[in-house]
file work_32.txt (compact mmCIF, C-alpha atoms)
# COMPACT_ATOMS: atom_id res chain seq x y z
CA MET D 1 45.06 33.56 -115.74
CA GLU D 2 43.53 37.00 -116.33
CA GLN D 3 45.43 39.60 -118.34
CA LYS D 4 47.39 41.92 -116.07
CA TRP D 5 48.86 44.33 -118.63
CA PRO D 6 47.30 47.22 -120.55
CA GLN D 7 46.27 46.35 -124.09
CA GLU D 8 48.78 48.84 -125.44
CA ILE D 9 51.46 51.11 -124.02
CA TRP D 10 53.06 54.04 -125.84
CA LEU D 11 56.28 55.63 -124.55
CA VAL D 12 56.80 59.21 -125.76
CA ARG D 13 59.66 61.57 -125.09
CA HIS D 14 58.54 65.19 -124.64
CA GLY D 15 58.79 67.66 -127.54
CA GLN D 16 61.90 69.74 -128.06
CA SER D 17 62.48 71.94 -125.02
CA ALA D 18 64.09 75.33 -124.55
CA GLY D 19 66.78 73.43 -122.65
CA ASN D 20 67.57 71.28 -125.68
CA VAL D 21 68.10 74.45 -127.71
CA ALA D 22 70.25 76.06 -125.01
CA ARG D 23 72.40 72.95 -124.71
CA ASP D 24 73.09 72.93 -128.45
CA ALA D 25 74.12 76.58 -128.29
CA ALA D 26 76.44 76.00 -125.32
CA GLU D 27 78.15 73.01 -126.89
CA ALA D 28 78.53 74.77 -130.25
CA ALA D 29 80.30 77.61 -128.43
CA ALA D 30 82.46 75.18 -126.39
CA GLY D 31 80.86 76.58 -123.25
CA LEU D 32 81.04 75.02 -119.80
CA LEU D 33 77.53 75.89 -118.59
CA ILE D 34 74.14 75.69 -120.28
CA ASP D 35 72.42 79.07 -120.07
CA ILE D 36 69.03 78.26 -118.55
CA ALA D 37 67.40 80.47 -115.93
CA GLU D 38 64.69 78.02 -114.85
CA ARG D 39 64.99 74.93 -112.72
CA ASP D 40 65.18 71.84 -114.90
CA VAL D 41 61.64 70.93 -113.82
CA ASP D 42 60.36 74.30 -115.12
CA VAL D 43 61.98 74.30 -118.59
CA PRO D 44 59.16 74.66 -121.16
CA LEU D 45 58.77 73.41 -124.71
CA SER D 46 60.35 75.39 -127.50
CA PRO D 47 58.05 76.65 -130.29
CA LEU D 48 59.18 73.65 -132.34
CA GLY D 49 58.41 71.37 -129.38
CA VAL D 50 54.84 72.68 -129.37
CA GLU D 51 54.60 71.99 -133.11
CA GLN D 52 55.96 68.46 -132.63
CA SER D 53 53.46 67.77 -129.85
CA ARG D 54 50.57 68.92 -132.04
CA ALA D 55 51.73 66.71 -134.89
CA LEU D 56 51.91 63.69 -132.62
CA GLY D 57 48.56 64.52 -131.02
CA GLY D 58 46.98 64.65 -134.47
CA TRP D 59 48.34 61.19 -135.21
CA PHE D 60 46.90 59.74 -131.99
CA GLY D 61 43.58 61.43 -132.80
CA SER D 62 43.52 59.76 -136.22
CA LEU D 63 43.72 56.23 -134.79
CA PRO D 64 40.54 54.15 -134.50
CA GLU D 65 38.69 55.30 -131.39
CA ALA D 66 39.17 51.99 -129.58
CA SER D 67 42.93 52.18 -130.18
CA ARG D 68 43.54 55.72 -128.89
CA PRO D 69 45.08 56.30 -125.45
CA ASN D 70 42.44 56.54 -122.74
CA VAL D 71 45.01 56.80 -119.93
CA VAL D 72 47.86 59.33 -119.97
CA LEU D 73 50.63 59.31 -117.37
CA HIS D 74 53.23 62.05 -117.54
CA SER D 75 56.27 63.45 -115.79
CA PRO D 76 55.66 66.59 -113.69
CA TYR D 77 58.39 68.44 -115.62
CA VAL D 78 56.81 71.31 -117.57
CA ARG D 79 58.07 70.15 -120.98
CA ALA D 80 56.51 66.70 -120.48
CA ALA D 81 53.29 68.07 -118.97
CA GLU D 82 52.87 70.49 -121.90
CA THR D 83 53.47 67.69 -124.40
CA ALA D 84 50.86 65.51 -122.68
CA ARG D 85 48.31 68.35 -122.53
CA ILE D 86 48.67 69.13 -126.24
CA ILE D 87 48.32 65.46 -127.17
CA VAL D 88 45.27 64.93 -124.93
CA GLU D 89 43.53 67.92 -126.52
CA GLN D 90 43.67 66.12 -129.87
CA ILE D 91 42.97 62.53 -128.83
CA GLY D 92 39.27 63.23 -129.26
CA LEU D 93 37.84 60.84 -126.67
CA PRO D 94 35.05 61.97 -124.34
CA LYS D 95 37.02 60.89 -121.29
CA VAL D 96 40.76 60.42 -120.84
CA THR D 97 42.34 59.71 -117.46
CA VAL D 98 45.33 62.06 -117.07
CA GLN D 99 47.68 61.56 -114.14
CA VAL D 100 50.94 63.32 -113.29
CA ASP D 101 53.45 60.91 -111.79
CA GLU D 102 56.68 62.14 -110.23
CA ARG D 103 58.23 58.69 -110.67
CA ILE D 104 58.40 59.35 -114.43
CA ARG D 105 60.47 62.52 -113.90
CA GLU D 106 63.82 63.19 -115.56
CA LYS D 107 66.92 61.54 -114.15
CA GLU D 108 68.41 63.79 -111.47
CA PHE D 109 71.92 64.97 -112.37
CA GLY D 110 72.97 66.39 -109.00
CA ILE D 111 76.07 68.60 -109.11
CA LEU D 112 76.44 67.96 -112.86
CA ASP D 113 73.18 69.83 -113.53
CA ARG D 114 73.45 72.30 -116.46
CA LEU D 115 77.08 71.44 -117.22
CA THR D 116 78.13 70.57 -120.74
CA THR D 117 80.42 67.64 -121.37
CA LEU D 118 83.34 70.07 -121.46
CA GLY D 119 82.09 71.68 -118.26
CA ILE D 120 81.94 68.34 -116.43
CA ASN D 121 85.47 67.46 -117.50
CA SER D 122 86.76 70.91 -116.58
CA LYS D 123 85.03 71.34 -113.21
CA TYR D 124 84.95 67.74 -111.98
CA PRO D 125 87.70 65.81 -113.79
CA ASP D 126 87.78 63.05 -111.16
CA LEU D 127 84.01 62.48 -111.51
CA TYR D 128 84.34 62.55 -115.29
CA GLU D 129 86.97 59.83 -115.17
CA GLN D 130 84.97 57.79 -112.66
CA ARG D 131 81.91 57.94 -114.87
CA GLN D 132 83.93 56.87 -117.89
CA HIS D 133 85.17 53.88 -115.90
CA VAL D 134 81.89 52.89 -114.20
CA GLY D 135 79.53 53.73 -117.08
CA LYS D 136 76.25 55.64 -116.96
CA PHE D 137 74.17 52.61 -115.94
CA TYR D 138 75.73 52.48 -112.46
CA PHE D 139 77.40 55.89 -112.06
CA ARG D 140 75.59 58.16 -109.59
CA PRO D 141 76.83 61.78 -109.46
CA PRO D 142 76.73 63.42 -106.02
CA GLY D 143 73.15 64.48 -105.38
CA GLY D 144 71.95 62.71 -108.52
CA GLU D 145 70.83 59.34 -109.83
CA SER D 146 72.19 56.45 -111.86
CA TRP D 147 70.11 54.66 -114.47
CA CYS D 148 69.60 51.92 -111.88
CA ASP D 149 68.01 54.47 -109.55
CA VAL D 150 65.59 55.52 -112.30
CA ILE D 151 64.79 51.89 -113.07
CA LEU D 152 64.03 51.25 -109.40
CA ARG D 153 61.36 53.97 -109.27
CA LEU D 154 59.92 52.90 -112.62
CA ARG D 155 59.42 49.36 -111.30
CA SER D 156 56.80 50.77 -108.95
CA VAL D 157 55.13 52.53 -111.91
CA LEU D 158 54.71 49.10 -113.51
CA ASP D 159 53.02 47.90 -110.33
CA THR D 160 50.55 50.79 -110.61
CA ILE D 161 49.93 50.14 -114.30
CA THR D 162 49.17 46.45 -113.83
CA ARG D 163 46.97 47.16 -110.80
CA GLU D 164 44.94 50.08 -112.17
CA TYR D 165 45.07 50.04 -115.97
CA CYS D 166 44.74 46.42 -117.05
CA GLY D 167 43.32 46.21 -120.57
CA GLU D 168 43.53 49.98 -121.11
CA CYS D 169 45.48 51.94 -123.75
CA VAL D 170 48.17 53.81 -121.82
CA LEU D 171 50.33 56.70 -123.02
CA ILE D 172 53.40 57.59 -120.92
CA VAL D 173 55.06 60.96 -121.61
CA GLY D 174 58.51 61.27 -120.10
CA HIS D 175 62.14 61.84 -120.97
CA GLN D 176 64.90 60.18 -122.93
CA VAL D 177 66.25 58.26 -119.93
CA THR D 178 62.79 57.14 -118.80
CA VAL D 179 61.96 55.85 -122.28
CA ASN D 180 65.17 53.81 -122.30
CA CYS D 181 64.66 52.56 -118.75
CA PHE D 182 61.08 51.50 -119.49
CA ARG D 183 62.44 49.61 -122.48
CA TYR D 184 64.92 47.89 -120.15
CA LEU D 185 62.01 46.73 -117.99
CA PHE D 186 59.44 45.83 -120.66
CA GLU D 187 61.92 43.94 -122.82
CA ARG D 188 63.87 42.47 -119.90
CA LEU D 189 67.17 43.74 -121.23
CA ASP D 190 70.60 43.79 -119.62
CA GLU D 191 73.06 46.67 -119.16
CA ALA D 192 75.03 45.96 -122.34
CA THR D 193 71.95 45.81 -124.57
CA ILE D 194 70.21 48.96 -123.35
CA LEU D 195 73.46 50.96 -123.48
CA ALA D 196 74.06 49.71 -127.02
CA TYR D 197 70.63 51.05 -127.98
CA ASP D 198 71.49 54.33 -126.25
CA ARG D 199 74.82 54.65 -128.07
CA ALA D 200 73.11 53.97 -131.39
CA GLY D 201 71.22 57.25 -131.13
CA ASP D 202 69.25 59.59 -128.91
CA VAL D 203 65.50 59.17 -128.53
CA PRO D 204 63.91 61.75 -130.86
CA ASN D 205 61.61 64.34 -129.36
CA CYS D 206 57.96 63.26 -129.65
CA SER D 207 58.94 59.84 -130.99
CA VAL D 208 56.86 56.80 -130.12
CA THR D 209 58.02 53.45 -128.75
CA SER D 210 55.07 51.12 -128.26
CA TYR D 211 54.07 47.69 -126.95
CA ALA D 212 50.94 45.63 -127.51
CA PHE D 213 49.69 42.82 -125.31
CA ASP D 214 49.86 39.39 -126.95
CA SER D 215 48.02 36.67 -125.05
CA GLU D 216 49.89 33.94 -126.93
CA GLN D 217 53.36 35.07 -125.87
CA GLY D 218 55.01 33.78 -122.71
CA ARG D 219 53.21 31.73 -120.07
CA HIS D 220 50.40 34.20 -119.46
CA GLY D 221 50.79 36.67 -122.31
CA LYS D 222 53.13 39.65 -122.41
CA LEU D 223 53.82 43.02 -123.97
CA VAL D 224 55.45 42.80 -127.40
CA LEU D 225 57.46 45.62 -128.98
CA GLN D 226 55.68 47.23 -131.95
CA LEU D 227 57.39 50.57 -132.68
CA THR D 228 60.80 51.98 -131.77
CA ASN D 229 61.55 55.73 -131.89
CA PHE D 230 58.73 56.10 -134.44
CA VAL D 231 58.71 59.61 -135.94
CA ALA D 232 56.46 59.13 -138.99
CA PRO D 233 53.68 61.33 -137.48
CA LEU D 234 56.09 64.28 -137.37
CA GLU D 235 57.44 63.60 -140.85
CA ALA D 236 53.93 63.27 -142.29
CA ALA D 237 53.03 66.66 -140.81
CA GLY D 238 56.22 68.25 -142.18
CA THR D 239 57.48 68.90 -138.64
CA PRO D 240 61.27 68.78 -138.11
CA VAL D 241 62.54 65.79 -136.13
CA THR D 242 65.01 66.62 -133.36
CA VAL D 243 67.18 64.29 -131.32
CA GLN D 244 68.91 66.66 -128.92
CA LYS D 245 70.21 65.28 -125.65
CA ASP D 246 68.47 66.27 -122.45
CA VAL D 247 70.05 69.30 -120.83
CA PRO D 248 72.19 68.24 -117.86
CA SER D 249 73.51 65.07 -119.47
CA ALA D 250 77.01 63.65 -119.30
CA PRO D 251 78.62 62.12 -122.40
CA LYS D 252 77.59 58.71 -123.69
CA ALA D 253 79.55 55.75 -122.37
call {"tool": "encode", "arguments": {"input": "work_32.txt", "output": "C-alpha cells"}}
result
Amino acid sequence: MEQKWPQEIWLVRHGQSAGNVARDAAEAAAGLLIDIAERDVDVPLSPLGVEQSRALGGWFGSLPEASRPNVVLHSPYVRAAETARIIVEQIGLPKVTVQVDERIREKEFGILDRLTTLGINSKYPDLYEQRQHVGKFYFRPPGGESWCDVILRLRSVLDTITREYCGECVLIVGHQVTVNCFRYLFERLDEATILAYDRAGDVPNCSVTSYAFDSEQGRHGKLVLQLTNFVAPLEAAGTPVTVQKDVPSAPKA
C-alpha cells in the first residue's frame, strides 16, 4: 500500500502573545477579567513572541534542505499567523505552500472568554462546578467548545493532510489545545492519557512536537513521535521560554 502520511509533521504553538502577558497580570492581581481590547482572534504576538518565532524559524532554516517544512498550515488567529509568517521567512526554500486553516483555530471559550479562573468561579459558580465534575475533555461552556469539539474538526484536517500532502514535510502552527488534540489523534490516546500530559505542564510557546513516518511500523506504516515540547532552538538562541496558558482558559482538571 502507498504511503498516505506526510514524511514529517511538526506541531508548533504560537509565540508568546499579548494575551498571555495580560492573563499573567490579571491573575497576579487576583483580577476577574483579562484586560484585552482585541477579539481573541486579533491578539498579536508580544515582542518576546516575535523573538521566539525568529529563533524557531532560524532552527528550521538550519535543517538540511530536504528536511525543512515545505507545507505550512496555520490558525487564522493573528498570533499564530504572525508566528507562521516569521518562520516561513527563515525556512529558506524557494517555494513553501502556506495555507490558513480555520479548523486549526483556538478552542472557543464562549461566555468564559477573557475570564480568569477566579472570574469564572465568581461569575459562573455553577458552570465552574460543572466543569470540575465533567472535566475539560467533555465540558462545553455555553457558546464555546469542549476538547471533543476541537478534536472533531481536527479529524477533517487529517483527511486534508493525507489527501493533499502525502510525503511532504508539514508544519502546523496553532494553539496549546490544538497541539494537545493533534497529539490525541496522532498517538491514538484516550481521555485520561492526554489530560495527564496536559496536567504535567503547559505547551511552551514556540515549542515543537514532531512525528516522522516509519514504513515499518503498523500494518502500512505510521507516524512515530520524535520530539515533545522541544524548546532547544529557543534555548540555543538565548530566547526566554514561556509556558503561559492561553487567555480565556479555565483551570486544569
call {"tool": "closest_residue", "arguments": {"input": "work_32.txt", "among": "D:Phe139, D:Trp147, D:Tyr211, D:Trp59", "to": "Ile91 in chain D", "atoms": "only C-alpha atoms"}}
result
D:Trp59
call {"tool": "closest_residue", "arguments": {"input": "work_32.txt", "among": "D:Leu63, D:Leu112, D:Ile86, D:Leu93", "to": "Leu32 in chain D", "atoms": "all atoms listed in the file"}}
result
D:Leu112
call {"tool": "closest_residue", "arguments": {"input": "work_32.txt", "among": "D:Arg68, D:His220, D:Arg103, D:Lys123", "to": "Asp159 in chain D", "atoms": "all atoms listed in the file"}}
result
D:Arg103
call {"tool": "closest_residue", "arguments": {"input": "work_32.txt", "among": "D:Arg140, D:Gln130, D:Glu102, D:Ile194", "to": "Ser156 in chain D", "atoms": "all atoms listed in the file"}}
result
D:Glu102
call {"tool": "residues_near_point", "arguments": {"input": "work_32.txt", "point": "(59.5, 71.0, -129.8)", "cutoff": "9 Å", "atoms": "only C-alpha atoms", "output": "list of chain:residue names"}}
result
D:His14, D:Gly15, D:Gln16, D:Ser17, D:Ala18, D:Leu45, D:Ser46, D:Pro47, D:Leu48, D:Gly49, D:Val50, D:Glu51, D:Gln52, D:Ser53, D:Arg79, D:Thr83, D:Asn205, D:Cys206, D:Pro240, D:Val241, D:Thr242
call {"tool": "atom_distance", "arguments": {"input": "work_32.txt", "atom1": "CA of Thr116 in chain D", "atom2": "CA of Gln176 in chain D"}}
result
17.0 Å
call {"tool": "atom_distance", "arguments": {"input": "work_32.txt", "atom1": "CA of Asp40 in chain D", "atom2": "CA of Pro204 in chain D"}}
result
18.9 Å
call {"tool": "atom_distance", "arguments": {"input": "work_32.txt", "atom1": "CA of Val72 in chain D", "atom2": "CA of Gln226 in chain D"}}
result
18.7 Å
call {"tool": "closest_residue", "arguments": {"input": "work_32.txt", "among": "D:Leu56, D:Thr193, D:Ile172, D:Asp35", "to": "Val98 in chain D", "atoms": "all atoms listed in the file"}}
result
D:Ile172
call {"tool": "closest_residue", "arguments": {"input": "work_32.txt", "among": "D:Leu171, D:Leu154, D:Ala55, D:Leu115", "to": "Ala212 in chain D", "atoms": "all atoms listed in the file"}}
result
D:Leu171
call {"tool": "decode", "arguments": {"input": "work_32.txt", "residues": "range 49-119 of chain D", "atoms": "C-alpha atoms", "output": "PDB file, in the first residue's frame"}}
result
ATOM      1  CA  GLY D  49       6.780  36.173  20.973  1.00  0.00           C
ATOM      2  CA  VAL D  50       8.340  37.722  17.869  1.00  0.00           C
ATOM      3  CA  GLU D  51      11.800  36.890  19.224  1.00  0.00           C
ATOM      4  CA  GLN D  52      10.748  33.300  19.944  1.00  0.00           C
ATOM      5  CA  SER D  53       9.326  32.905  16.435  1.00  0.00           C
ATOM      6  CA  ARG D  54      12.572  34.162  14.891  1.00  0.00           C
ATOM      7  CA  ALA D  55      14.611  31.750  16.995  1.00  0.00           C
ATOM      8  CA  LEU D  56      12.465  28.826  15.921  1.00  0.00           C
ATOM      9  CA  GLY D  57      12.494  29.953  12.290  1.00  0.00           C
ATOM     10  CA  GLY D  58      16.287  30.048  12.383  1.00  0.00           C
ATOM     11  CA  TRP D  59      16.327  26.470  13.641  1.00  0.00           C
ATOM     12  CA  PHE D  60      14.048  25.266  10.833  1.00  0.00           C
ATOM     13  CA  GLY D  61      16.236  27.142   8.344  1.00  0.00           C
ATOM     14  CA  SER D  62      19.326  25.336   9.645  1.00  0.00           C
ATOM     15  CA  LEU D  63      17.919  21.867   8.913  1.00  0.00           C
ATOM     16  CA  PRO D  64      19.028  20.028   5.768  1.00  0.00           C
ATOM     17  CA  GLU D  65      17.051  21.435   2.848  1.00  0.00           C
ATOM     18  CA  ALA D  66      15.184  18.178   2.228  1.00  0.00           C
ATOM     19  CA  SER D  67      14.087  18.086   5.872  1.00  0.00           C
ATOM     20  CA  ARG D  68      12.687  21.621   6.145  1.00  0.00           C
ATOM     21  CA  PRO D  69       8.926  22.239   6.087  1.00  0.00           C
ATOM     22  CA  ASN D  70       7.640  22.784   2.559  1.00  0.00           C
ATOM     23  CA  VAL D  71       3.992  22.985   3.662  1.00  0.00           C
ATOM     24  CA  VAL D  72       2.815  25.311   6.442  1.00  0.00           C
ATOM     25  CA  LEU D  73      -0.735  25.214   7.796  1.00  0.00           C
ATOM     26  CA  HIS D  74      -1.698  27.754  10.429  1.00  0.00           C
ATOM     27  CA  SER D  75      -4.587  29.014  12.505  1.00  0.00           C
ATOM     28  CA  PRO D  76      -6.179  32.277  11.307  1.00  0.00           C
ATOM     29  CA  TYR D  77      -5.624  33.852  14.738  1.00  0.00           C
ATOM     30  CA  VAL D  78      -3.149  36.729  14.405  1.00  0.00           C
ATOM     31  CA  ARG D  79      -0.643  35.340  16.918  1.00  0.00           C
ATOM     32  CA  ALA D  80      -0.438  32.038  15.022  1.00  0.00           C
ATOM     33  CA  ALA D  81      -0.389  33.690  11.590  1.00  0.00           C
ATOM     34  CA  GLU D  82       2.453  36.001  12.683  1.00  0.00           C
ATOM     35  CA  THR D  83       4.421  33.058  14.076  1.00  0.00           C
ATOM     36  CA  ALA D  84       3.990  31.144  10.809  1.00  0.00           C
ATOM     37  CA  ARG D  85       4.993  34.152   8.688  1.00  0.00           C
ATOM     38  CA  ILE D  86       8.181  34.747  10.682  1.00  0.00           C
ATOM     39  CA  ILE D  87       9.143  31.072  10.480  1.00  0.00           C
ATOM     40  CA  VAL D  88       8.452  30.854   6.726  1.00  0.00           C
ATOM     41  CA  GLU D  89      10.669  33.888   6.105  1.00  0.00           C
ATOM     42  CA  GLN D  90      13.599  31.937   7.536  1.00  0.00           C
ATOM     43  CA  ILE D  91      12.944  28.453   6.160  1.00  0.00           C
ATOM     44  CA  GLY D  92      14.953  29.389   3.087  1.00  0.00           C
ATOM     45  CA  LEU D  93      13.222  27.213   0.490  1.00  0.00           C
ATOM     46  CA  PRO D  94      12.356  28.634  -2.941  1.00  0.00           C
ATOM     47  CA  LYS D  95       8.741  27.558  -2.583  1.00  0.00           C
ATOM     48  CA  VAL D  96       6.704  26.853   0.539  1.00  0.00           C
ATOM     49  CA  THR D  97       2.963  26.177   0.435  1.00  0.00           C
ATOM     50  CA  VAL D  98       1.333  28.325   3.132  1.00  0.00           C
ATOM     51  CA  GLN D  99      -2.337  27.790   3.935  1.00  0.00           C
ATOM     52  CA  VAL D 100      -4.514  29.360   6.626  1.00  0.00           C
ATOM     53  CA  ASP D 101      -6.978  26.846   8.029  1.00  0.00           C
ATOM     54  CA  GLU D 102      -9.782  27.919  10.355  1.00  0.00           C
ATOM     55  CA  ARG D 103     -10.094  24.354  11.654  1.00  0.00           C
ATOM     56  CA  ILE D 104      -6.777  24.839  13.488  1.00  0.00           C
ATOM     57  CA  ARG D 105      -8.125  27.881  15.383  1.00  0.00           C
ATOM     58  CA  GLU D 106      -8.091  28.239  19.158  1.00  0.00           C
ATOM     59  CA  LYS D 107     -10.723  26.444  21.198  1.00  0.00           C
ATOM     60  CA  GLU D 108     -13.766  28.696  21.552  1.00  0.00           C
ATOM     61  CA  PHE D 109     -14.481  29.595  25.180  1.00  0.00           C
ATOM     62  CA  GLY D 110     -17.960  31.086  24.778  1.00  0.00           C
ATOM     63  CA  ILE D 111     -19.187  33.065  27.788  1.00  0.00           C
ATOM     64  CA  LEU D 112     -15.987  32.245  29.693  1.00  0.00           C
ATOM     65  CA  ASP D 113     -13.940  34.302  27.216  1.00  0.00           C
ATOM     66  CA  ARG D 114     -11.403  36.619  28.927  1.00  0.00           C
ATOM     67  CA  LEU D 115     -12.313  35.476  32.443  1.00  0.00           C
ATOM     68  CA  THR D 116      -9.609  34.388  34.840  1.00  0.00           C
ATOM     69  CA  THR D 117     -10.066  31.274  36.933  1.00  0.00           C
ATOM     70  CA  LEU D 118     -11.237  33.498  39.789  1.00  0.00           C
ATOM     71  CA  GLY D 119     -13.560  35.323  37.405  1.00  0.00           C
TER      72      GLY D 119
END
